[in-house]
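Pasting my_file09.cif here (mmCIF, C-alpha atoms):
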```cif
data_coords
#
loop_
_atom_site.label_atom_id
_atom_site.label_comp_id
_atom_site.auth_asym_id
_atom_site.auth_seq_id
_atom_site.Cartn_x
_atom_site.Cartn_y
_atom_site.Cartn_z
CA MET A 5 257.23 -0.73 -57.13
CA ILE A 6 260.09 -2.51 -55.41
CA ILE A 7 261.18 -5.86 -56.81
CA LEU A 8 263.53 -7.98 -54.71
CA CYS A 9 264.74 -11.40 -55.69
CA GLY A 10 265.95 -13.15 -52.51
CA VAL A 11 266.29 -16.38 -54.50
CA TRP A 12 269.88 -16.90 -53.35
CA ALA A 13 268.69 -18.00 -49.89
CA HIS A 14 266.15 -20.68 -50.81
CA ALA A 15 268.75 -23.37 -51.51
CA LEU A 16 269.82 -23.18 -47.86
CA GLY A 17 266.34 -23.72 -46.50
CA ALA A 18 266.32 -27.51 -46.10
CA ARG A 19 269.80 -27.65 -44.58
CA VAL A 20 269.09 -24.88 -42.08
CA GLN A 21 265.74 -26.35 -41.13
CA GLN A 22 267.44 -29.66 -40.32
CA LYS A 23 269.86 -27.84 -38.00
CA VAL A 24 267.01 -25.95 -36.34
CA GLU A 25 265.29 -29.18 -35.36
CA SER A 26 268.42 -30.60 -33.69
CA GLN A 27 269.76 -27.48 -31.95
CA GLU A 28 270.21 -27.64 -28.18
CA ALA A 29 268.30 -25.27 -25.90
CA VAL A 30 269.77 -21.79 -25.47
CA PRO A 31 270.12 -20.76 -21.80
CA ASP A 32 268.25 -17.82 -20.28
CA SER A 33 271.51 -15.97 -19.59
CA VAL A 34 272.14 -15.81 -23.34
CA ILE A 35 268.57 -14.97 -24.33
CA ASP A 36 268.39 -12.13 -21.80
CA ARG A 37 271.27 -10.39 -23.59
CA ASN A 38 269.32 -10.29 -26.86
CA LEU A 39 267.78 -6.83 -27.12
CA CYS A 40 265.08 -7.75 -29.66
CA PRO A 41 262.22 -9.88 -28.27
CA VAL A 42 261.48 -11.53 -31.61
CA LEU A 43 265.11 -12.36 -32.40
CA ALA A 44 265.45 -13.62 -28.83
CA ALA A 45 262.49 -15.97 -29.28
CA LEU A 46 263.84 -17.18 -32.62
CA GLN A 47 267.23 -17.76 -31.03
CA ARG A 48 265.75 -19.62 -28.03
CA HIS A 49 263.71 -21.95 -30.24
CA GLY A 50 266.52 -22.65 -32.69
CA ALA A 51 265.28 -20.73 -35.72
CA LEU A 52 268.04 -18.12 -35.44
CA LYS A 53 271.53 -19.58 -35.66
CA THR A 54 274.47 -17.74 -34.12
CA ASP A 55 278.07 -18.63 -33.37
CA ASN A 56 279.25 -19.07 -29.78
CA ASP A 57 279.77 -15.32 -29.38
CA GLY A 58 276.27 -14.43 -30.57
CA ASN A 59 277.09 -13.37 -34.15
CA ALA A 60 274.52 -13.91 -36.88
CA GLU A 61 275.06 -13.32 -40.61
CA ILE A 62 272.56 -11.87 -43.13
CA ASN A 63 271.63 -15.41 -44.18
CA ASP A 64 270.96 -16.39 -40.58
CA ILE A 65 268.61 -13.44 -40.00
CA PHE A 66 266.86 -13.96 -43.34
CA LEU A 67 266.21 -17.64 -42.71
CA ALA A 68 265.05 -17.03 -39.14
CA LEU A 69 262.49 -14.50 -40.32
CA HIS A 70 261.41 -16.35 -43.46
CA LEU A 71 261.40 -19.92 -42.15
CA GLY A 72 260.97 -19.32 -38.42
CA LEU A 73 258.26 -16.64 -38.56
CA LYS A 74 257.05 -17.30 -42.12
CA ILE A 75 257.49 -13.67 -43.12
CA GLU A 76 257.29 -13.14 -46.87
CA LYS A 77 260.75 -13.52 -48.46
CA ASN A 78 261.16 -9.97 -49.80
CA LEU A 79 260.32 -8.37 -46.46
CA SER A 80 262.59 -10.89 -44.70
CA ALA A 81 265.46 -9.99 -47.04
CA PHE A 82 264.80 -6.24 -46.62
CA GLN A 83 264.99 -6.56 -42.84
CA ALA A 84 268.01 -8.89 -42.84
CA PHE A 85 270.08 -6.63 -45.09
CA GLY A 86 269.02 -3.54 -43.14
CA ILE A 87 269.89 -4.62 -39.60
CA THR A 88 272.98 -6.76 -40.26
CA ALA A 89 275.41 -3.89 -40.32
CA PHE A 90 279.02 -5.01 -39.80
CA PRO A 91 281.57 -6.37 -42.33
CA PRO A 92 283.89 -9.31 -41.57
CA GLU A 93 286.73 -7.19 -40.15
CA GLN A 94 284.26 -5.68 -37.64
CA LYS A 95 282.99 -9.02 -36.34
CA ASN A 96 283.12 -9.00 -32.51
CA LYS A 97 284.09 -5.30 -32.64
CA GLU A 98 281.08 -3.56 -34.21
CA GLU A 99 282.62 -0.09 -34.06
CA VAL A 100 282.35 0.92 -37.74
CA ARG A 101 279.37 -0.22 -39.78
CA GLU A 102 279.30 -0.94 -43.49
CA ARG A 103 275.92 -2.28 -44.53
CA CYS A 104 275.35 -4.26 -47.71
CA ILE A 105 272.75 -1.83 -49.04
CA PRO A 106 272.64 0.62 -51.96
CA GLY A 107 272.79 4.38 -51.84
CA VAL A 108 274.94 4.95 -48.73
CA THR A 109 278.60 3.99 -49.38
CA PRO A 110 280.52 2.74 -52.44
CA ARG A 111 281.40 -0.50 -50.65
CA GLY A 112 277.77 -1.00 -49.68
CA ASN A 113 276.68 -0.43 -53.28
CA LYS A 114 279.18 -2.98 -54.56
CA CYS A 115 278.19 -5.52 -51.91
CA PHE A 116 274.50 -5.20 -52.69
CA GLN A 117 274.96 -5.47 -56.43
CA GLU A 118 277.33 -8.45 -56.27
CA ARG A 119 275.71 -10.34 -53.41
CA PHE A 120 271.99 -9.61 -53.56
CA VAL A 121 271.58 -8.98 -57.27
CA GLY A 122 274.44 -11.15 -58.56
CA GLY A 123 274.32 -13.96 -55.98
CA SER A 124 278.00 -13.69 -54.98
CA THR A 125 279.10 -15.78 -51.99
CA ALA A 126 282.40 -13.93 -51.51
CA ALA A 127 283.47 -13.62 -47.88
CA GLU A 128 284.00 -9.86 -48.24
CA HIS A 129 280.25 -9.46 -48.77
CA LYS A 130 279.23 -11.14 -45.52
CA ARG A 131 277.66 -8.91 -42.89
CA PHE A 132 277.16 -9.63 -39.19
CA ILE A 133 275.25 -8.55 -36.12
CA ASN A 134 275.95 -9.71 -32.58
CA VAL A 135 272.53 -10.19 -31.00
CA GLN A 136 273.98 -10.26 -27.50
CA THR A 137 275.67 -6.82 -27.59
CA MET A 138 273.14 -4.48 -29.19
CA THR A 139 272.48 -2.15 -26.25
CA GLY A 140 274.40 1.11 -26.61
CA LYS A 141 274.95 0.85 -30.35
CA GLN A 142 273.14 3.74 -32.02
CA VAL A 143 273.09 1.99 -35.39
CA LEU A 144 271.12 -0.92 -33.89
CA GLU A 145 268.78 0.74 -31.37
CA HIS A 146 265.40 2.19 -32.37
CA GLY A 147 264.71 5.92 -32.62
CA ILE A 148 262.43 5.68 -29.60
CA SER A 149 261.82 2.61 -27.48
CA THR A 150 260.64 1.29 -24.12
CA GLY A 151 263.98 -0.07 -22.91
CA VAL A 152 262.29 -3.18 -21.51
CA ARG A 153 264.84 -5.71 -22.77
CA GLY A 154 267.84 -3.44 -22.31
CA GLY A 155 267.75 -0.76 -25.02
CA HIS A 156 267.99 1.85 -22.28
CA SER A 157 271.24 3.63 -23.09
CA ASN A 158 269.63 7.09 -23.27
CA MET A 159 266.57 7.28 -21.03
CA PRO A 160 265.60 10.09 -18.62
CA PRO A 161 267.53 10.04 -15.32
CA GLY A 162 265.84 7.76 -12.80
CA MET A 163 263.66 6.02 -15.37
CA THR A 164 265.42 2.69 -14.94
CA ASP A 165 266.17 2.89 -11.20
CA ALA A 166 263.47 0.33 -10.41
CA CYS A 167 265.14 -2.10 -12.83
CA ARG A 168 268.21 -2.19 -10.54
CA GLY A 169 270.39 -2.99 -13.52
CA LYS A 170 268.52 -6.20 -14.37
CA PHE A 171 266.99 -6.62 -17.82
CA PRO A 172 264.47 -7.54 -19.09
CA CYS A 173 262.96 -5.02 -16.66
CA GLU A 174 259.62 -5.70 -14.99
CA ALA A 175 259.10 -2.04 -14.03
CA LEU A 176 259.42 -0.82 -17.62
CA PHE A 177 257.25 -3.70 -18.88
CA ARG A 178 254.54 -2.56 -16.49
CA LYS A 179 254.90 1.13 -17.35
CA PHE A 180 254.75 0.71 -21.11
CA PHE A 181 252.84 -2.53 -21.69
CA LEU A 182 250.64 -3.52 -18.76
CA ASN A 183 249.50 0.03 -18.01
CA ASN A 184 248.30 0.45 -21.61
CA ALA A 185 246.51 -2.90 -21.90
CA ARG A 186 242.72 -3.25 -21.71
CA ASN A 187 241.27 -6.29 -19.99
CA GLY A 188 244.50 -8.20 -20.51
CA ARG A 189 244.70 -7.40 -24.24
CA MET A 190 246.60 -5.01 -26.46
CA TYR A 191 245.27 -4.04 -29.88
CA MET A 192 246.99 -1.85 -32.47
CA GLU A 193 245.69 1.35 -30.87
CA ASP A 194 246.99 0.25 -27.45
CA MET A 195 250.43 -0.38 -28.89
CA MET A 196 250.37 3.12 -30.34
CA LYS A 197 249.71 4.42 -26.81
CA MET A 198 253.12 3.00 -25.97
CA VAL A 199 254.59 4.94 -28.89
CA CYS A 200 252.93 8.05 -27.47
CA LEU A 201 254.54 7.43 -24.09
CA ALA A 202 257.93 6.64 -25.61
CA ARG A 203 257.65 9.88 -27.58
CA GLN A 204 257.67 11.65 -24.21
CA ILE A 205 259.90 9.60 -21.87
CA GLY A 206 261.28 6.71 -23.92
CA ASP A 207 264.84 5.81 -24.78
CA ARG A 208 266.57 7.98 -27.38
CA GLY A 209 269.54 5.73 -28.06
CA GLY A 210 269.17 5.20 -31.82
CA GLU A 211 270.67 6.89 -34.85
CA HIS A 212 267.24 8.28 -35.84
CA SER A 213 266.32 9.48 -32.33
CA TYR A 214 267.15 13.09 -33.20
CA ARG A 215 266.26 13.01 -36.89
CA GLU A 216 263.36 15.40 -37.35
CA GLY A 217 260.60 15.15 -39.94
CA VAL A 218 260.29 12.23 -42.33
CA MET A 219 262.66 9.95 -44.22
CA SER A 220 262.50 7.36 -46.99
CA GLN A 221 263.91 3.82 -47.03
CA PRO A 222 266.56 2.21 -49.27
CA LEU A 223 264.98 0.84 -52.48
CA PHE A 224 261.70 2.62 -51.74
CA PRO A 225 260.44 5.45 -53.96
CA PRO A 226 261.51 8.71 -52.25
CA GLU A 227 257.92 9.92 -51.86
CA LEU A 228 257.06 6.96 -49.59
CA THR A 229 258.27 8.50 -46.35
CA VAL A 230 257.90 7.58 -42.67
CA VAL A 231 258.31 9.56 -39.43
CA SER A 232 262.06 9.45 -38.85
CA SER A 233 262.26 8.91 -35.10
CA GLU A 234 259.21 6.65 -34.71
CA TRP A 235 258.95 4.28 -37.67
CA GLN A 236 261.18 1.64 -36.09
CA MET A 237 259.16 1.37 -32.87
CA LYS A 238 255.90 1.38 -34.81
CA GLY A 239 257.31 -1.31 -37.06
CA ALA A 240 258.50 -3.49 -34.17
CA MET A 241 255.21 -3.34 -32.27
CA THR A 242 253.00 -3.93 -35.28
CA ALA A 243 255.29 -6.69 -36.58
CA MET A 244 254.79 -8.58 -33.31
CA LEU A 245 251.05 -8.13 -33.71
CA ALA A 246 251.15 -9.41 -37.29
CA ALA A 247 253.24 -12.45 -36.40
CA PHE A 248 251.86 -13.42 -32.99
CA GLY A 249 248.45 -11.73 -32.76
CA ARG A 250 245.21 -13.58 -32.04
CA ARG A 251 241.79 -12.84 -33.59
CA ASP A 252 238.83 -11.58 -31.60
CA SER A 253 235.17 -12.10 -32.49
CA LYS A 254 235.38 -9.18 -34.94
CA ASN A 255 238.54 -10.58 -36.57
CA LYS A 256 240.73 -7.85 -35.09
CA LEU A 257 244.27 -8.74 -34.10
CA TYR A 258 245.34 -8.46 -30.48
CA MET A 259 247.94 -9.87 -28.13
CA THR A 260 247.33 -10.91 -24.55
CA THR A 261 249.55 -9.59 -21.79
CA SER A 262 250.70 -13.19 -21.31
CA ASP A 263 251.76 -13.30 -24.98
CA LEU A 264 253.64 -10.04 -24.54
CA ARG A 265 255.29 -11.22 -21.34
CA ALA A 266 256.48 -14.37 -23.11
CA LEU A 267 258.15 -12.31 -25.83
CA MET A 268 259.30 -9.18 -23.99
CA MET A 269 260.30 -10.61 -20.62
CA GLU A 270 261.10 -14.25 -21.40
CA GLY A 271 262.26 -14.15 -25.03
CA ARG A 272 260.11 -17.09 -26.11
CA TYR A 273 257.14 -17.86 -28.34
CA PRO A 274 253.71 -17.32 -26.74
CA ASP A 275 251.99 -20.49 -25.54
CA GLY A 276 250.17 -22.31 -28.32
CA TRP A 277 251.60 -20.11 -31.08
CA VAL A 278 251.76 -21.60 -34.58
CA ALA A 279 253.65 -19.75 -37.32
CA ARG A 280 251.56 -18.49 -40.23
CA GLU A 281 252.55 -16.91 -43.52
CA HIS A 282 252.33 -13.13 -43.45
CA GLY A 283 254.05 -9.91 -44.42
CA CYS A 284 254.93 -7.83 -47.48
CA LEU A 285 256.66 -4.53 -48.16
CA ILE A 286 254.17 -2.14 -49.77
CA GLU A 287 251.09 -4.06 -50.93
CA GLY A 288 249.71 -7.57 -51.28
CA CYS A 289 249.05 -8.56 -47.65
CA GLU A 290 246.89 -7.60 -44.69
CA MET A 291 249.53 -5.47 -42.95
CA PRO A 292 252.21 -4.18 -45.39
CA ALA A 293 255.38 -2.95 -43.72
CA LEU A 294 255.00 0.57 -45.10
CA THR A 295 251.48 0.83 -43.69
CA ARG A 296 252.66 -0.43 -40.32
CA TRP A 297 255.55 2.05 -40.24
CA ARG A 298 253.01 4.81 -40.91
CA THR A 299 250.48 3.77 -38.26
CA PRO A 300 248.86 6.94 -36.81
CA VAL A 301 249.39 7.67 -33.11
CA GLN A 302 246.54 9.20 -31.13
CA CYS A 303 248.50 11.24 -28.61
CA ASP A 304 248.02 14.49 -26.70
CA VAL A 305 251.72 15.20 -27.32
CA PRO A 306 252.31 15.86 -31.05
CA GLU A 307 255.27 14.68 -33.12
CA GLY A 308 258.21 16.99 -32.62
CA ALA A 309 257.09 18.22 -29.19
CA PRO A 310 259.73 18.64 -26.45
CA PHE A 311 260.70 15.27 -25.02
CA TRP A 312 261.64 14.40 -21.41
CA LYS A 313 259.77 17.61 -20.54
CA ASP A 314 258.70 16.75 -16.99
CA THR A 315 261.79 14.76 -15.97
CA ARG A 316 265.01 15.70 -14.18
CA CYS A 317 266.52 16.30 -17.61
CA PRO A 318 264.47 18.73 -19.71
CA THR A 319 265.91 18.84 -23.22
CA SER A 320 264.97 22.30 -24.48
CA GLY A 321 263.94 25.77 -23.40
CA LYS A 322 261.69 28.27 -25.15
CA LYS A 323 264.05 29.42 -27.90
CA MET A 324 262.72 28.57 -31.34
CA CYS A 325 264.85 28.17 -34.47
CA ARG A 326 264.92 27.50 -38.20
CA LYS A 327 268.51 26.28 -38.42
CA SER A 328 271.15 25.18 -35.95
CA SER A 329 273.05 28.47 -36.23
CA ASP A 330 270.03 30.10 -34.55
CA CYS A 331 270.99 28.11 -31.45
CA ALA A 332 274.60 29.35 -31.28
CA GLY A 333 273.95 31.08 -27.96
CA ILE A 334 273.05 27.82 -26.22
CA ALA A 335 276.16 25.68 -25.89
CA GLY A 336 275.61 22.04 -26.87
CA SER A 337 272.31 22.59 -28.65
CA PHE A 338 271.09 22.28 -32.22
CA CYS A 339 267.86 23.01 -34.07
CA MET A 340 265.42 20.10 -33.91
CA ASP A 341 261.74 20.37 -34.82
CA GLY A 342 261.96 24.16 -34.72
CA ARG A 343 263.32 24.27 -31.18
CA CYS A 344 266.85 24.66 -29.79
CA THR A 345 267.37 21.21 -28.30
CA CYS A 346 270.28 19.82 -26.31
CA GLN A 347 272.40 17.25 -28.12
CA ARG A 348 273.78 13.97 -26.85
CA GLY A 349 277.02 14.68 -25.03
CA ARG A 350 280.45 13.17 -25.49
CA ASP A 351 279.36 10.13 -23.50
CA GLY A 352 276.47 9.55 -25.92
CA ARG A 353 273.76 10.53 -23.43
CA GLN A 354 271.24 13.34 -23.66
CA MET A 355 272.44 16.62 -22.19
CA CYS A 356 269.99 18.56 -19.97
CA PHE A 357 268.80 22.13 -20.49
CA LYS A 358 269.57 23.95 -17.25
CA ARG A 359 270.50 27.54 -16.47
CA ARG A 360 270.06 28.45 -20.15
CA THR A 361 272.68 26.01 -21.35
CA CYS A 362 273.11 22.28 -22.06
CA LEU A 363 274.87 20.33 -19.32
CA ALA A 364 276.09 16.74 -19.31
CA GLN A 365 274.33 14.34 -16.98
CA THR A 366 276.06 13.57 -13.70
CA SER A 367 274.13 10.37 -12.95
CA PRO A 368 276.05 7.06 -13.30
CA MET A 369 276.36 5.46 -16.72
CA VAL A 370 273.80 2.82 -17.57
CA ARG A 371 274.34 -0.80 -16.62
CA LEU A 372 273.03 -4.02 -18.11
CA ASN A 373 272.92 -7.15 -15.97
CA GLY A 374 275.94 -6.22 -13.92
CA LYS A 375 278.07 -4.57 -16.62
CA SER A 376 278.51 -0.96 -17.71
CA VAL A 377 277.17 -0.17 -21.17
CA LYS A 378 279.46 1.65 -23.59
CA ILE A 379 277.69 3.84 -26.11
CA PHE A 380 278.92 3.63 -29.70
CA LYS A 381 277.91 6.63 -31.76
CA ALA A 382 276.59 6.06 -35.27
CA ASN A 383 279.08 6.37 -38.11
CA ASN A 384 279.34 5.76 -41.82
CA PRO A 385 277.17 7.83 -41.88
CA GLY A 386 276.85 9.69 -38.59
CA ALA A 387 273.63 10.70 -36.88
CA PRO A 388 272.03 14.05 -35.99
CA GLY A 389 272.01 15.02 -32.34
CA ASN A 390 275.55 13.80 -31.57
CA LEU A 391 278.28 16.20 -30.51
#
```

Any chance you could give the structure as structure tokens?
Amino acid sequence: MIILCGVWAHALGARVQQKVESQEAVPDSVIDRNLCPVLAALQRHGALKTDNDGNAEINDIFLALHLGLKIEKNLSAFQAFGITAFPPEQKNKEEVRERCIPGVTPRGNKCFQERFVGGSTAAEHKRFINVQTMTGKQVLEHGISTGVRGGHSNMPPGMTDACRGKFPCEALFRKFFLNNARNGRMYMEDMMKMVCLARQIGDRGGEHSYREGVMSQPLFPPELTVVSSEWQMKGAMTAMLAAFGRRDSKNKLYMTTSDLRALMMEGRYPDGWVAREHGCLIEGCEMPALTRWRTPVQCDVPEGAPFWKDTRCPTSGKKMCRKSSDCAGIAGSFCMDGRCTCQRGRDGRQMCFKRRTCLAQTSPMVRLNGKSVKIFKANNPGAPGNL
């Protein structure tokens, strides 16, 4: 069983809460650059503090989740340490990550032991994330996603044309959310229909997008695994349901399409929402994180099936494999889920399987609200699927 302390943050609670109550409104132009709907809502309503450039520190994320959403402290700490990836010298650069977590790098081990376990406040152990520049960063994007708020750095050609470069994107919100709702509601199984669709045509801009099979999490027993490419999207959707869901007559959680629009398109709390205590890591609550990450997906396309199959950019042919050397005859491919699959090219975008080889896309690079998006490949460590 995992035991986290998180005690170091409680002393800041009263001071931060006082600042939250007096913070000025955050403009739409800032909120629309926040890729995560929940962090965007927390930022808009003052629960998430950032500097003028959009940088938040581990403490800021922890307190936003724990005080703003009333997520249990250990889960809040687990999430804050996991997503806040950049050391002080990378602030406003975010090119080389160095998380404050154990088991990855020596510096990360030291940071975790001295800061989390030992309570150190040394500046060298601070870690940051800029919530306004997440799109295109593989270490911050999910393995698969809808791209609604802008995480669209690696979607099939033409998928975002209807967005016309403006995000949050109404066309993608309709495709993934509204088209899978029933009578204006989305339950857990409806959200998993979105995962099914993203499995086929969703964004593949994250570091785990091309990681086959299952993986474990830092501090978790190694046998407690989750599906590598999908656990983040499952976690995000079910976390929204746990935090913002309503109860029907049978006590089942659901969200209305109006609730989802408020979060996904407007980056704000749903109307009438009141925070309630919830959340845990493995056991002890209604919807433990591990259970949510493992939510089954009823889908006619199985895990590991070819993705982007019926788009202008098919990603694999018929050649099967056991290891990447089996794919040596197909330039730019590697072995993924038993199939020779095209990698992401030098520009960070999926290459297309055409004429028995993998070719770089010729379509224009992605844009976000008037600006070109640069793709930063995962490093320290790197990610599968990158050339």

Exercise for the section: Using the chain letters and residue numbers of this document, give as a list in words the residues selected by the PyMOL selection byres ((chain A and resi 361) around 8). Expected result: Ile334, Ala335, Gly336, Phe357, Lys358, Arg359, Arg360, Cys362 and Leu363 of chain A

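The spacing separating CA of Ala293 in chain A from CA of Ser232 in chain A amounts to 14.9 Å.
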
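If all atoms listed in the file are the atoms counted, then among A:Pro318, A:Gly210, A:Pro226, A:Gly58 the closest residue to Ser157 in chain A is A:Gly210.
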
Using only C-alpha atoms, what does the table of range 164-276 of chain A residues within 10 Å of range 80-104 of chain A look like, with each row giving the shortest atom pair and its distance in Å to one decimal, sorted by chain and ascending number, as CSV?
```
residue,atom,partner,partner_atom,distance
A:Gln221,CA,A:Gly86,CA,9.8
A:Pro222,CA,A:Gly86,CA,8.8
A:Leu223,CA,A:Phe82,CA,9.2
```

Completion exercise
What separates CA of Met163 in chain A and CA of Met196 in chain A is a distance of 20.2 Å

Handout entry: Residues in the PyMOL selection byres ((chain A and resi 268-281) around 8), expressed as a PyMOL selection string
Key = chain A and resi 35-36+41-42+44-46+48-49+72-76+152-153+172-174+177+247-248+262-267+282-283

Could you write those residues out with C-alpha atoms, as a PDB file, keeping the file's coordinate frame?
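Wrote result28.pdb, looks like this:
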```pdb
ATOM      1  CA  ILE A  35     268.570 -14.970 -24.330  1.00  0.00           C
ATOM      2  CA  ASP A  36     268.390 -12.130 -21.800  1.00  0.00           C
ATOM      3  CA  PRO A  41     262.220  -9.880 -28.270  1.00  0.00           C
ATOM      4  CA  VAL A  42     261.480 -11.530 -31.610  1.00  0.00           C
ATOM      5  CA  ALA A  44     265.450 -13.620 -28.830  1.00  0.00           C
ATOM      6  CA  ALA A  45     262.490 -15.970 -29.280  1.00  0.00           C
ATOM      7  CA  LEU A  46     263.840 -17.180 -32.620  1.00  0.00           C
ATOM      8  CA  ARG A  48     265.750 -19.620 -28.030  1.00  0.00           C
ATOM      9  CA  HIS A  49     263.710 -21.950 -30.240  1.00  0.00           C
ATOM     10  CA  GLY A  72     260.970 -19.320 -38.420  1.00  0.00           C
ATOM     11  CA  LEU A  73     258.260 -16.640 -38.560  1.00  0.00           C
ATOM     12  CA  LYS A  74     257.050 -17.300 -42.120  1.00  0.00           C
ATOM     13  CA  ILE A  75     257.490 -13.670 -43.120  1.00  0.00           C
ATOM     14  CA  GLU A  76     257.290 -13.140 -46.870  1.00  0.00           C
ATOM     15  CA  VAL A 152     262.290  -3.180 -21.510  1.00  0.00           C
ATOM     16  CA  ARG A 153     264.840  -5.710 -22.770  1.00  0.00           C
ATOM     17  CA  PRO A 172     264.470  -7.540 -19.090  1.00  0.00           C
ATOM     18  CA  CYS A 173     262.960  -5.020 -16.660  1.00  0.00           C
ATOM     19  CA  GLU A 174     259.620  -5.700 -14.990  1.00  0.00           C
ATOM     20  CA  PHE A 177     257.250  -3.700 -18.880  1.00  0.00           C
ATOM     21  CA  ALA A 247     253.240 -12.450 -36.400  1.00  0.00           C
ATOM     22  CA  PHE A 248     251.860 -13.420 -32.990  1.00  0.00           C
ATOM     23  CA  SER A 262     250.700 -13.190 -21.310  1.00  0.00           C
ATOM     24  CA  ASP A 263     251.760 -13.300 -24.980  1.00  0.00           C
ATOM     25  CA  LEU A 264     253.640 -10.040 -24.540  1.00  0.00           C
ATOM     26  CA  ARG A 265     255.290 -11.220 -21.340  1.00  0.00           C
ATOM     27  CA  ALA A 266     256.480 -14.370 -23.110  1.00  0.00           C
ATOM     28  CA  LEU A 267     258.150 -12.310 -25.830  1.00  0.00           C
ATOM     29  CA  HIS A 282     252.330 -13.130 -43.450  1.00  0.00           C
ATOM     30  CA  GLY A 283     254.050  -9.910 -44.420  1.00  0.00           C
TER      31      GLY A 283
END
```

Exercise for the section: Counting only C-alpha atoms, note down every residue that has an atom within 6 Å of the point (279.3, 5.3, -27.8) (file coordinates), as number ranges by chain. Expected result: A: 352, 378-381

Fill in the blank from the handout: In Å and to one decimal, CA of Phe180 in chain A is distant from CA of Ala202 in chain A by 8.1 Å

Contacts of Val34 in chain A at 8 Å or less, counting all atoms listed in the file, minus same-chain residues fewer than 4 places along, as a PDB file with C-alpha atoms, in the frame of the given file?
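So the final result, stored in out-v7.pdb, reads:
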```pdb
ATOM      1  CA  VAL A  30     269.770 -21.790 -25.470  1.00  0.00           C
ATOM      2  CA  ASN A  38     269.320 -10.290 -26.860  1.00  0.00           C
ATOM      3  CA  GLN A 136     273.980 -10.260 -27.500  1.00  0.00           C
TER       4      GLN A 136
END
```

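Distances to Arg168 in chain A were evaluated for A:Leu391, A:Leu372, A:Ala60, A:Val143 using all atoms listed in the file, and the minimum falls at A:Leu372.
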
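Distances here use all atoms listed in the file; by that measure, the residue among A:Asp32, A:Asp165, A:Glu145, A:Glu193 closest to Ser213 in chain A is A:Glu145.
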
Problem - Given the PyMOL selection byres ((chain A and resi 389) around 8), the residues it picks as number ranges by chain - result: A: 213-215, 338, 346-348, 387-388, 390-391

Grab all the atoms of range 69-85 of chain A that the file lists, wrap them in a box along x, y and z, add 6 Å per side, and give me centre plus edge lengths in Å (one decimal) as JSON.
```
{"center_x": 263.6, "center_y": -13.1, "center_z": -44.1, "size_x": 25.0, "size_y": 25.7, "size_z": 23.4}
```

Problem - Distance query Leu285 in chain A at most 9 Å, all atoms listed in the file, self and fewer than 5 positions along chain excluded, as an NGL selection string - result: :A and (6 or 76 or 78-79 or 82 or 291-295)

Practice task
Return the single residue from A:Ser124, A:Gly374, A:Cys200, A:Gly206 that is closest to Thr164 in chain A, with distances computed using all atoms listed in the file.
Solution key: A:Gly206
